[in-house]
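First up is the structure itself, then whatever we jot down about it.
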Amino acid sequence: MEEFDVVIVGAGPSGSMAAKVLADSGCKVVLADKAVFPRAKLCGGLLTWKSIRLLEKFAGLGLDTLFELGVIHHYSSRYSIHGADRIIFSGMLSYPFYFSDRATLDYSLLEKAKEAGVCVLEECRAINCDPDTGIVICANGNVLRGKFVIGADGVNSIIRRSISAFRSLRQQWRKSLAPAMEARIPNHLFPREITDPELHVGRIQAGYGWVFPGKDHALAGICGIKQQNENFPRLFKDFIHDLGVAAPGMVVPGSHPLPYGNYFKNPCYGNYMLTGDAGGFVEPLLGEGIFFSMATGVYAAQAIAGNMDSPQRAAEEYVQSLEEYILPEFRGSDRLRWFLFRSMSLMGEPWLSFFMGMLGSRLGQTVHGMRSYSWTRMKHWDLIS
């Protein structure tokens with residue numbers, strides 16, 4: 001058995017960011033993941049203003065460095081919203097959207113954690129944990145014990161599923177999981193050059209489709225809460241066909257569930273904390289997850305580093321940070337999501353065009369984090385101020 005101050009399971013953006021912050025504060029940290037990095041990851045890879053600020057402040061990855069490392073491959077200040085057969089709205093942003101390669105982003109963050117002194121264990125898949133002792137058992141025989149344990153191991157978190165307090169909420173958790181399907185489509189198969197992000201609405205009752213620019217491809221996908229009789233593989237196939245992709249039968253999507261409004265208000269149990277997708281911390285309207293994964297990782301790490309002798313105080317501080325900065329965004333985003341979906345269903349595409357014409361600029365700033373999803377007020381983030 002190996003003893004650490006903090007055991008972190010999952011080396012995505014949340015786990016790596018938490019590990020670096022903890023190591024920088026002097027903690028002995030181990031970060032375990034089932035994969036070998038760099039590894040492929042299904043994700044749109046969109047980086048907003050708040051994500052860029054957070055990467056620079058806590059990981060030392062400024063824009064120039066992100067370009068040099070190949071993390072960012074494209075950026076755009078334009079976007080468009082598409083309906084059934086036309087563009088409903090196109091707009092300009094006050095700050096560009098940056099598009100990242102997730103494999104490179106995650107690898108770069110993991111390297112930063114290593115540089116900070118984190119013990120990284122790859123090919124180390126957690127299979128169980130004991131919430132009473134802080135022990136994490138891995139498939140390769142490693143037994144890790146920490147004063148604290150952070151579950152940053154994604155939507156199918158082993159840490160979450162091993163703790164009875166979270167298992168009792170399984171039904172609530174599954175109810176709001178959204179199927180997501182996406183595929184990389186080589187540029188030569190796409191009917192037009194994709195230089196700006198596209199949002200496609202009206203195909204799914206409670207969801208959307210997207211097309212993002214890639215390095216040598218377009219990234220196309222759909223996501224939404226599954227309604228009765230909705231067949232997502234069929235919806236994705238129709239979406240690809242309607243986009244005009246050549247040889248659509250050759251496009252094989254990947255799929256994964258996405259937390260879509262089923263976050264935990266209190267993701268703590270004893271000395272265990274959940275961050276990122278493991279705690280459901282994905283913005284409920286557009287499904288932005290990278291920033292909220294990193295931010296919850298930082299908040300959990302700061303709470304632990306400042307309260308190493310008291311899991312109770314650490315949990316209280318983490319929950320307080322979530323309640324003050326993260327959850328208001330999710331509540332506001334959830335209200336806006338259902339308002340838009342229901343209004344669109346009742347009044348159709350002309351209404352959405354009018355709505356975006358009135359509020360498009362403010363909503364763009366809201367997605368970036370300059371404004372809050374709570375009535376688009378100006379937003380203060382303690383992490384990036």
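Chain identifiers are assigned as A, B, and so on, following the order in which chains appear in the structure tokens; residues are numbered from 1 within each chain, and ligands are numbered from 1 in order of appearance.
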
Closest-contact table, stretch 150-206 of chain A side, partner stretch 316-336 of chain A, 12 Å, counting only C-alpha atoms, as CSV:
```
residue,atom,partner,partner_atom,distance
A:Ile150,CA,A:Tyr318,CA,11.8
A:Ser176,CA,A:Asp334,CA,11.6
A:Ala206,CA,A:Asp334,CA,11.5
```

Mind writing the picked residues with all heavy atoms as a tab-separated table (two decimals), in the first residue's frame?
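Full text of out36.tsv as output:
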```tsv
chain	number	residue	atom	x	y	z
A	150	ILE	N	-9.95	12.28	-4.60
A	150	ILE	CA	-10.74	13.03	-5.57
A	150	ILE	C	-11.12	12.09	-6.70
A	150	ILE	O	-10.26	11.48	-7.34
A	150	ILE	CB	-9.95	14.23	-6.13
A	150	ILE	CG1	-9.70	15.27	-5.02
A	150	ILE	CG2	-10.71	14.88	-7.29
A	150	ILE	CD1	-8.88	16.47	-5.48
A	176	SER	N	-31.11	12.37	-16.34
A	176	SER	CA	-30.67	13.53	-17.11
A	176	SER	C	-29.39	13.28	-17.89
A	176	SER	O	-28.76	14.22	-18.37
A	176	SER	CB	-30.48	14.75	-16.19
A	176	SER	OG	-31.72	15.17	-15.67
A	206	ALA	N	-34.97	17.96	-27.16
A	206	ALA	CA	-34.27	18.62	-26.05
A	206	ALA	C	-32.77	18.48	-26.26
A	206	ALA	O	-32.07	17.89	-25.45
A	206	ALA	CB	-34.69	18.04	-24.72
```

Discussion item. I want to know what sits within 9 Å of A:Asn156, based on only C-alpha atoms, with residues of the same chain fewer than 6 positions away left out; could you give that as a VMD selection string?
Written reply: chain A and resid 257 277 to 278

I want to know what sits within 10 Å of stretch 111-119 of chain A, based on only C-alpha atoms, with residues of the same chain fewer than 2 positions away left out; could you give that as a compact mmCIF listing (two decimals) with N, CA and C atoms, in the first residue's frame?
```
# COMPACT_ATOMS: atom_id res chain seq x y z
N PHE A 4 -0.48 8.59 0.49
CA PHE A 4 -0.36 9.93 -0.08
C PHE A 4 -1.27 10.89 0.70
N VAL A 7 -5.14 11.14 -3.16
CA VAL A 7 -5.23 10.22 -4.30
C VAL A 7 -6.25 10.79 -5.27
N ALA A 11 -7.15 11.31 -14.99
CA ALA A 11 -6.14 12.30 -15.37
C ALA A 11 -6.59 13.15 -16.56
N GLY A 15 -8.73 16.20 -13.12
CA GLY A 15 -7.77 15.53 -12.25
C GLY A 15 -6.38 16.13 -12.34
N SER A 16 -5.92 16.43 -13.55
CA SER A 16 -4.58 16.99 -13.71
C SER A 16 -4.48 18.38 -13.11
N MET A 17 -5.53 19.19 -13.30
CA MET A 17 -5.50 20.53 -12.73
C MET A 17 -5.50 20.47 -11.21
N ALA A 18 -6.34 19.59 -10.63
CA ALA A 18 -6.37 19.44 -9.18
C ALA A 18 -5.01 18.97 -8.66
N ALA A 19 -4.41 18.01 -9.37
CA ALA A 19 -3.12 17.47 -8.95
C ALA A 19 -2.04 18.54 -8.94
N LYS A 20 -2.00 19.37 -9.98
CA LYS A 20 -0.97 20.41 -10.05
C LYS A 20 -1.14 21.42 -8.93
N VAL A 21 -2.38 21.86 -8.70
CA VAL A 21 -2.63 22.85 -7.64
C VAL A 21 -2.22 22.29 -6.28
N LEU A 22 -2.53 21.03 -6.03
CA LEU A 22 -2.18 20.40 -4.75
C LEU A 22 -0.67 20.24 -4.61
N ALA A 23 -0.01 19.79 -5.68
CA ALA A 23 1.45 19.62 -5.62
C ALA A 23 2.14 20.96 -5.42
N ASP A 24 1.63 22.00 -6.08
CA ASP A 24 2.20 23.34 -5.92
C ASP A 24 2.07 23.84 -4.48
N SER A 25 1.06 23.32 -3.76
CA SER A 25 0.85 23.73 -2.36
C SER A 25 1.65 22.87 -1.39
N GLY A 26 2.40 21.89 -1.92
CA GLY A 26 3.26 21.07 -1.07
C GLY A 26 2.71 19.72 -0.70
N CYS A 27 1.59 19.32 -1.27
CA CYS A 27 0.98 18.02 -0.94
C CYS A 27 1.65 16.89 -1.74
N LYS A 28 1.66 15.72 -1.15
CA LYS A 28 2.11 14.51 -1.82
C LYS A 28 0.91 13.90 -2.54
N VAL A 29 0.97 13.87 -3.87
CA VAL A 29 -0.20 13.55 -4.68
C VAL A 29 0.11 12.41 -5.64
N VAL A 30 -0.85 11.48 -5.79
CA VAL A 30 -0.77 10.49 -6.84
C VAL A 30 -1.98 10.65 -7.75
N LEU A 31 -1.74 10.54 -9.05
CA LEU A 31 -2.78 10.70 -10.06
C LEU A 31 -2.80 9.43 -10.90
N ALA A 32 -3.91 8.68 -10.83
CA ALA A 32 -4.01 7.38 -11.50
C ALA A 32 -5.05 7.44 -12.62
N PHE A 37 -1.23 8.10 -21.86
CA PHE A 37 -1.37 9.39 -22.53
C PHE A 37 -0.21 9.62 -23.49
N PHE A 58 -3.43 28.74 -13.75
CA PHE A 58 -3.15 27.59 -12.90
C PHE A 58 -2.24 26.54 -13.54
N ALA A 59 -2.11 26.56 -14.87
CA ALA A 59 -1.25 25.57 -15.52
C ALA A 59 -0.08 26.22 -16.25
N GLY A 60 -0.06 27.55 -16.30
CA GLY A 60 1.02 28.23 -17.00
C GLY A 60 0.97 28.02 -18.50
N LEU A 61 -0.22 27.75 -19.02
CA LEU A 61 -0.40 27.51 -20.45
C LEU A 61 -1.12 28.69 -21.07
N LEU A 105 -4.40 18.48 -25.36
CA LEU A 105 -4.69 19.29 -24.17
C LEU A 105 -4.51 18.47 -22.91
N ASP A 106 -5.10 17.29 -22.87
CA ASP A 106 -5.02 16.47 -21.67
C ASP A 106 -3.59 16.05 -21.38
N TYR A 107 -2.84 15.71 -22.44
CA TYR A 107 -1.45 15.31 -22.26
C TYR A 107 -0.61 16.48 -21.72
N SER A 108 -0.87 17.68 -22.24
CA SER A 108 -0.12 18.86 -21.79
C SER A 108 -0.39 19.16 -20.33
N LEU A 109 -1.64 19.03 -19.90
CA LEU A 109 -1.98 19.26 -18.49
C LEU A 109 -1.35 18.20 -17.60
N LEU A 121 0.38 7.55 -12.39
CA LEU A 121 0.31 6.12 -12.67
C LEU A 121 -0.64 5.91 -13.86
N GLU A 122 -0.05 5.59 -15.02
CA GLU A 122 -0.87 5.28 -16.19
C GLU A 122 -1.13 3.78 -16.24
```

Discussion item. Report as JSON, numbers by chain all protein, DNA and RNA residues lying within 12 Å of stretch 231-242 of chain A, evaluated on only C-alpha atoms, omitting residues in the same chain fewer than 4 positions from it.
Written reply: {"A": [82, 83, 84, 85, 86, 178, 179, 180, 181, 182, 183, 184, 185, 189, 190, 191, 200, 201, 202, 203, 204, 205, 207, 208, 209, 210, 211, 218, 219, 220, 221, 222, 223, 224, 225, 226, 227, 246, 247, 248, 249, 250, 251, 252, 253, 254, 255, 256, 257]}

Next, write the just-selected residues to a file, as a PDB file, in the first residue's frame, keeping C-alpha atoms as the atom set.
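Below is the file that was written, selection.pdb:
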```
ATOM      1  CA  HIS A  82     -28.831  26.489 -38.497  1.00  0.00           C
ATOM      2  CA  GLY A  83     -32.424  25.339 -38.751  1.00  0.00           C
ATOM      3  CA  ALA A  84     -33.931  22.620 -40.905  1.00  0.00           C
ATOM      4  CA  ASP A  85     -32.854  24.074 -44.258  1.00  0.00           C
ATOM      5  CA  ARG A  86     -31.392  27.542 -43.667  1.00  0.00           C
ATOM      6  CA  ALA A 178     -27.790  12.830 -22.502  1.00  0.00           C
ATOM      7  CA  PRO A 179     -26.649  10.546 -25.307  1.00  0.00           C
ATOM      8  CA  ALA A 180     -23.938  12.217 -27.372  1.00  0.00           C
ATOM      9  CA  MET A 181     -22.676  10.974 -30.736  1.00  0.00           C
ATOM     10  CA  GLU A 182     -19.934  12.572 -32.803  1.00  0.00           C
ATOM     11  CA  ALA A 183     -17.553  11.779 -35.630  1.00  0.00           C
ATOM     12  CA  ARG A 184     -14.507  13.273 -37.297  1.00  0.00           C
ATOM     13  CA  ILE A 185     -15.312  13.728 -40.967  1.00  0.00           C
ATOM     14  CA  LEU A 189     -15.859  14.332 -47.604  1.00  0.00           C
ATOM     15  CA  PHE A 190     -17.498  17.527 -46.366  1.00  0.00           C
ATOM     16  CA  PRO A 191     -19.403  19.622 -48.915  1.00  0.00           C
ATOM     17  CA  HIS A 200     -27.965  22.988 -35.550  1.00  0.00           C
ATOM     18  CA  VAL A 201     -31.382  23.136 -33.856  1.00  0.00           C
ATOM     19  CA  GLY A 202     -34.779  21.549 -34.350  1.00  0.00           C
ATOM     20  CA  ARG A 203     -33.558  17.989 -34.897  1.00  0.00           C
ATOM     21  CA  ILE A 204     -33.836  16.822 -31.295  1.00  0.00           C
ATOM     22  CA  GLN A 205     -36.634  17.790 -28.928  1.00  0.00           C
ATOM     23  CA  GLY A 207     -30.867  18.930 -27.676  1.00  0.00           C
ATOM     24  CA  TYR A 208     -28.886  20.151 -30.651  1.00  0.00           C
ATOM     25  CA  GLY A 209     -26.312  19.275 -33.262  1.00  0.00           C
ATOM     26  CA  TRP A 210     -22.962  20.902 -33.979  1.00  0.00           C
ATOM     27  CA  VAL A 211     -20.251  21.147 -36.589  1.00  0.00           C
ATOM     28  CA  ALA A 218     -14.925  18.656 -39.427  1.00  0.00           C
ATOM     29  CA  LEU A 219     -16.258  17.434 -36.099  1.00  0.00           C
ATOM     30  CA  ALA A 220     -20.007  16.756 -36.290  1.00  0.00           C
ATOM     31  CA  GLY A 221     -22.211  15.553 -33.467  1.00  0.00           C
ATOM     32  CA  ILE A 222     -25.576  15.534 -31.740  1.00  0.00           C
ATOM     33  CA  CYS A 223     -26.543  15.572 -28.081  1.00  0.00           C
ATOM     34  CA  GLY A 224     -29.750  15.807 -26.073  1.00  0.00           C
ATOM     35  CA  ILE A 225     -31.960  14.343 -23.396  1.00  0.00           C
ATOM     36  CA  LYS A 226     -33.564  11.263 -24.895  1.00  0.00           C
ATOM     37  CA  GLN A 227     -37.302  11.664 -25.329  1.00  0.00           C
ATOM     38  CA  ALA A 246     -20.072  12.346 -49.218  1.00  0.00           C
ATOM     39  CA  ALA A 247     -20.266   8.615 -48.492  1.00  0.00           C
ATOM     40  CA  PRO A 248     -22.201   9.079 -45.216  1.00  0.00           C
ATOM     41  CA  GLY A 249     -22.204   5.315 -44.708  1.00  0.00           C
ATOM     42  CA  MET A 250     -18.463   5.497 -44.065  1.00  0.00           C
ATOM     43  CA  VAL A 251     -18.933   7.834 -41.101  1.00  0.00           C
ATOM     44  CA  VAL A 252     -18.798   5.790 -37.900  1.00  0.00           C
ATOM     45  CA  PRO A 253     -19.575   7.881 -34.800  1.00  0.00           C
ATOM     46  CA  GLY A 254     -18.344   7.429 -31.287  1.00  0.00           C
ATOM     47  CA  SER A 255     -20.835   7.753 -28.482  1.00  0.00           C
ATOM     48  CA  HIS A 256     -20.797   8.585 -24.790  1.00  0.00           C
ATOM     49  CA  PRO A 257     -23.242   9.808 -22.148  1.00  0.00           C
TER      50      PRO A 257
END
```

Counting only C-alpha atoms, which residues in stretch 203-284 of chain A sit no more than 10 Å from stretch 124-134 of chain A? For each one, give the nearest pair of atoms and the distance in Å, sorted by chain then residue number, as a tab-separated table.
```
residue	atom	partner	partner_atom	distance
A:Tyr269	CA	A:Pro131	CA	7.7
A:Gly270	CA	A:Pro131	CA	7.1
A:Asn271	CA	A:Gly134	CA	7.1
A:Tyr272	CA	A:Pro131	CA	7.0
```

Output C-alpha atoms for every residue in that selection, as a PDB file, in the first residue's frame.
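Below is the file that was written, selection.pdb:
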```
ATOM      1  CA  TYR A 269     -18.627  12.113   1.256  1.00  0.00           C
ATOM      2  CA  GLY A 270     -16.218  11.968   4.164  1.00  0.00           C
ATOM      3  CA  ASN A 271     -12.789  12.624   2.685  1.00  0.00           C
ATOM      4  CA  TYR A 272     -13.988  11.909  -0.893  1.00  0.00           C
TER       5      TYR A 272
END
```

Item to complete: Taking the chain letters and numbering used in this document, name the residues of stretch 119-350 of chain A that DSSP puts in strand (DSSP E or B), as number ranges by chain.
Response: A: 119-121, 126-130, 135-138, 143-151, 177-186, 198-200, 207-213, 217-224, 254-259, 268-269, 272-274

Worksheet item: Within 8 Å of A:Leu46, counting only C-alpha atoms, which residues qualify if same-chain residues fewer than 3 places away don't, as a VMD selection string?
Response: chain A and resid 97 to 100 288 290

Residues of the last selection are to be written out with all heavy atoms, as a PDB file, in the first residue's frame.
```pdb
ATOM      1  N   PHE A  97     -13.796  31.950 -30.088  1.00  0.00           N
ATOM      2  CA  PHE A  97     -13.798  30.569 -29.629  1.00  0.00           C
ATOM      3  C   PHE A  97     -12.492  29.930 -30.108  1.00  0.00           C
ATOM      4  O   PHE A  97     -12.098  30.092 -31.274  1.00  0.00           O
ATOM      5  CB  PHE A  97     -14.973  29.786 -30.218  1.00  0.00           C
ATOM      6  CG  PHE A  97     -16.305  30.099 -29.597  1.00  0.00           C
ATOM      7  CD1 PHE A  97     -17.453  30.144 -30.383  1.00  0.00           C
ATOM      8  CD2 PHE A  97     -16.439  30.319 -28.238  1.00  0.00           C
ATOM      9  CE1 PHE A  97     -18.688  30.416 -29.820  1.00  0.00           C
ATOM     10  CE2 PHE A  97     -17.666  30.591 -27.675  1.00  0.00           C
ATOM     11  CZ  PHE A  97     -18.796  30.637 -28.458  1.00  0.00           C
ATOM     12  N   TYR A  98     -11.844  29.191 -29.225  1.00  0.00           N
ATOM     13  CA  TYR A  98     -10.639  28.446 -29.585  1.00  0.00           C
ATOM     14  C   TYR A  98     -10.978  26.957 -29.592  1.00  0.00           C
ATOM     15  O   TYR A  98     -11.711  26.481 -28.726  1.00  0.00           O
ATOM     16  CB  TYR A  98      -9.504  28.739 -28.612  1.00  0.00           C
ATOM     17  CG  TYR A  98      -8.965  30.140 -28.733  1.00  0.00           C
ATOM     18  CD1 TYR A  98      -9.488  31.177 -27.972  1.00  0.00           C
ATOM     19  CD2 TYR A  98      -7.946  30.430 -29.643  1.00  0.00           C
ATOM     20  CE1 TYR A  98      -9.003  32.473 -28.103  1.00  0.00           C
ATOM     21  CE2 TYR A  98      -7.449  31.722 -29.774  1.00  0.00           C
ATOM     22  CZ  TYR A  98      -7.985  32.739 -29.008  1.00  0.00           C
ATOM     23  OH  TYR A  98      -7.512  34.014 -29.144  1.00  0.00           O
ATOM     24  N   PHE A  99     -10.417  26.235 -30.562  1.00  0.00           N
ATOM     25  CA  PHE A  99     -10.723  24.814 -30.708  1.00  0.00           C
ATOM     26  C   PHE A  99      -9.463  24.001 -30.442  1.00  0.00           C
ATOM     27  O   PHE A  99      -8.415  24.226 -31.053  1.00  0.00           O
ATOM     28  CB  PHE A  99     -11.288  24.537 -32.097  1.00  0.00           C
ATOM     29  CG  PHE A  99     -12.598  25.232 -32.325  1.00  0.00           C
ATOM     30  CD1 PHE A  99     -12.634  26.504 -32.860  1.00  0.00           C
ATOM     31  CD2 PHE A  99     -13.792  24.637 -31.946  1.00  0.00           C
ATOM     32  CE1 PHE A  99     -13.842  27.172 -33.023  1.00  0.00           C
ATOM     33  CE2 PHE A  99     -14.994  25.294 -32.106  1.00  0.00           C
ATOM     34  CZ  PHE A  99     -15.022  26.566 -32.649  1.00  0.00           C
ATOM     35  N   SER A 100      -9.594  23.067 -29.512  1.00  0.00           N
ATOM     36  CA  SER A 100      -8.438  22.301 -29.056  1.00  0.00           C
ATOM     37  C   SER A 100      -8.549  20.842 -29.463  1.00  0.00           C
ATOM     38  O   SER A 100      -9.639  20.316 -29.685  1.00  0.00           O
ATOM     39  CB  SER A 100      -8.316  22.391 -27.528  1.00  0.00           C
ATOM     40  OG  SER A 100      -9.384  21.699 -26.903  1.00  0.00           O
ATOM     41  N   GLU A 288     -20.976  22.629 -22.235  1.00  0.00           N
ATOM     42  CA  GLU A 288     -19.566  22.965 -22.018  1.00  0.00           C
ATOM     43  C   GLU A 288     -19.058  22.252 -20.770  1.00  0.00           C
ATOM     44  O   GLU A 288     -19.629  22.381 -19.686  1.00  0.00           O
ATOM     45  CB  GLU A 288     -19.379  24.474 -21.855  1.00  0.00           C
ATOM     46  CG  GLU A 288     -17.917  24.848 -21.680  1.00  0.00           C
ATOM     47  CD  GLU A 288     -17.689  26.331 -21.421  1.00  0.00           C
ATOM     48  OE1 GLU A 288     -18.667  27.094 -21.351  1.00  0.00           O
ATOM     49  OE2 GLU A 288     -16.510  26.725 -21.283  1.00  0.00           O
ATOM     50  N   ILE A 290     -15.171  21.447 -20.370  1.00  0.00           N
ATOM     51  CA  ILE A 290     -13.749  21.575 -20.082  1.00  0.00           C
ATOM     52  C   ILE A 290     -13.502  22.584 -18.968  1.00  0.00           C
ATOM     53  O   ILE A 290     -12.777  22.306 -18.004  1.00  0.00           O
ATOM     54  CB  ILE A 290     -12.960  21.959 -21.351  1.00  0.00           C
ATOM     55  CG1 ILE A 290     -13.052  20.841 -22.392  1.00  0.00           C
ATOM     56  CG2 ILE A 290     -11.493  22.228 -21.003  1.00  0.00           C
ATOM     57  CD1 ILE A 290     -12.400  21.195 -23.730  1.00  0.00           C
TER      58      ILE A 290
END
```

Worksheet item: Could you pull out the helix (DSSP H, G or I) residues of stretch 48-162 of chain A from DSSP and send them as a ChimeraX atom specification?
Response: /A:49-59,63-68,102-115,158-162

Per residue of stretch 7-64 of chain A within 10 Å of stretch 364-379 of chain A, record the nearest atom pair and its distance in Å to one decimal, counting only C-alpha atoms, with rows in chain order and ascending residue number, as a tab-separated table.
```
residue	atom	partner	partner_atom	distance
A:Leu47	CA	A:His368	CA	8.6
A:Thr48	CA	A:His368	CA	4.9
A:Trp49	CA	A:His368	CA	5.0
A:Lys50	CA	A:Gly369	CA	5.6
A:Ser51	CA	A:His368	CA	8.3
A:Ile52	CA	A:His368	CA	9.8
```

Keeping all heavy atoms for every residue in the selection just given, could you write it to a file as a tab-separated table (two decimals), in the first residue's frame?
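Printed below is result.tsv as written:
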```
chain	number	residue	atom	x	y	z
A	47	LEU	N	-12.77	25.86	-26.33
A	47	LEU	CA	-12.20	26.60	-25.20
A	47	LEU	C	-12.74	28.02	-25.22
A	47	LEU	O	-12.56	28.76	-26.20
A	47	LEU	CB	-10.67	26.62	-25.27
A	47	LEU	CG	-9.96	25.27	-25.16
A	47	LEU	CD1	-8.45	25.46	-25.33
A	47	LEU	CD2	-10.27	24.58	-23.84
A	48	THR	N	-13.39	28.41	-24.14
A	48	THR	CA	-13.95	29.75	-24.02
A	48	THR	C	-12.95	30.68	-23.33
A	48	THR	O	-11.88	30.26	-22.87
A	48	THR	CB	-15.24	29.69	-23.19
A	48	THR	OG1	-14.97	29.00	-21.95
A	48	THR	CG2	-16.34	28.94	-23.94
A	49	TRP	N	-13.31	31.95	-23.24
A	49	TRP	CA	-12.47	32.97	-22.58
A	49	TRP	C	-12.09	32.53	-21.18
A	49	TRP	O	-10.93	32.61	-20.79
A	49	TRP	CB	-13.23	34.29	-22.55
A	49	TRP	CG	-12.61	35.35	-21.69
A	49	TRP	CD1	-11.57	36.17	-22.02
A	49	TRP	CD2	-13.00	35.70	-20.36
A	49	TRP	NE1	-11.27	37.02	-20.97
A	49	TRP	CE2	-12.14	36.76	-19.93
A	49	TRP	CE3	-13.98	35.25	-19.48
A	49	TRP	CZ2	-12.24	37.35	-18.67
A	49	TRP	CZ3	-14.09	35.83	-18.22
A	49	TRP	CH2	-13.22	36.87	-17.83
A	50	LYS	N	-13.06	32.04	-20.42
A	50	LYS	CA	-12.78	31.65	-19.04
A	50	LYS	C	-11.84	30.44	-18.98
A	50	LYS	O	-11.02	30.33	-18.07
A	50	LYS	CB	-14.08	31.37	-18.28
A	50	LYS	CG	-15.00	30.33	-18.89
A	50	LYS	CD	-16.33	30.29	-18.12
A	50	LYS	CE	-17.28	29.22	-18.65
A	50	LYS	NZ	-17.77	29.53	-20.02
A	51	SER	N	-11.93	29.55	-19.97
A	51	SER	CA	-11.03	28.39	-20.02
A	51	SER	C	-9.60	28.82	-20.29
A	51	SER	O	-8.65	28.34	-19.64
A	51	SER	CB	-11.47	27.42	-21.11
A	51	SER	OG	-12.80	26.98	-20.91
A	52	ILE	N	-9.42	29.74	-21.24
A	52	ILE	CA	-8.09	30.23	-21.56
A	52	ILE	C	-7.46	30.91	-20.36
A	52	ILE	O	-6.28	30.69	-20.03
A	52	ILE	CB	-8.16	31.21	-22.76
A	52	ILE	CG1	-8.68	30.50	-24.02
A	52	ILE	CG2	-6.80	31.85	-23.01
A	52	ILE	CD1	-7.78	29.42	-24.55
```

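The closest residue to A:Leu383, picked from A:Leu243, A:Tyr260, A:Gly154, A:Leu54 and counting only C-alpha atoms, is A:Leu54.
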
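Ranking A:Asp153, A:Asp382, A:Met344, A:Pro350 by their shortest atom-to-atom distance to A:Ala295, with only C-alpha atoms included, puts A:Asp382 first.
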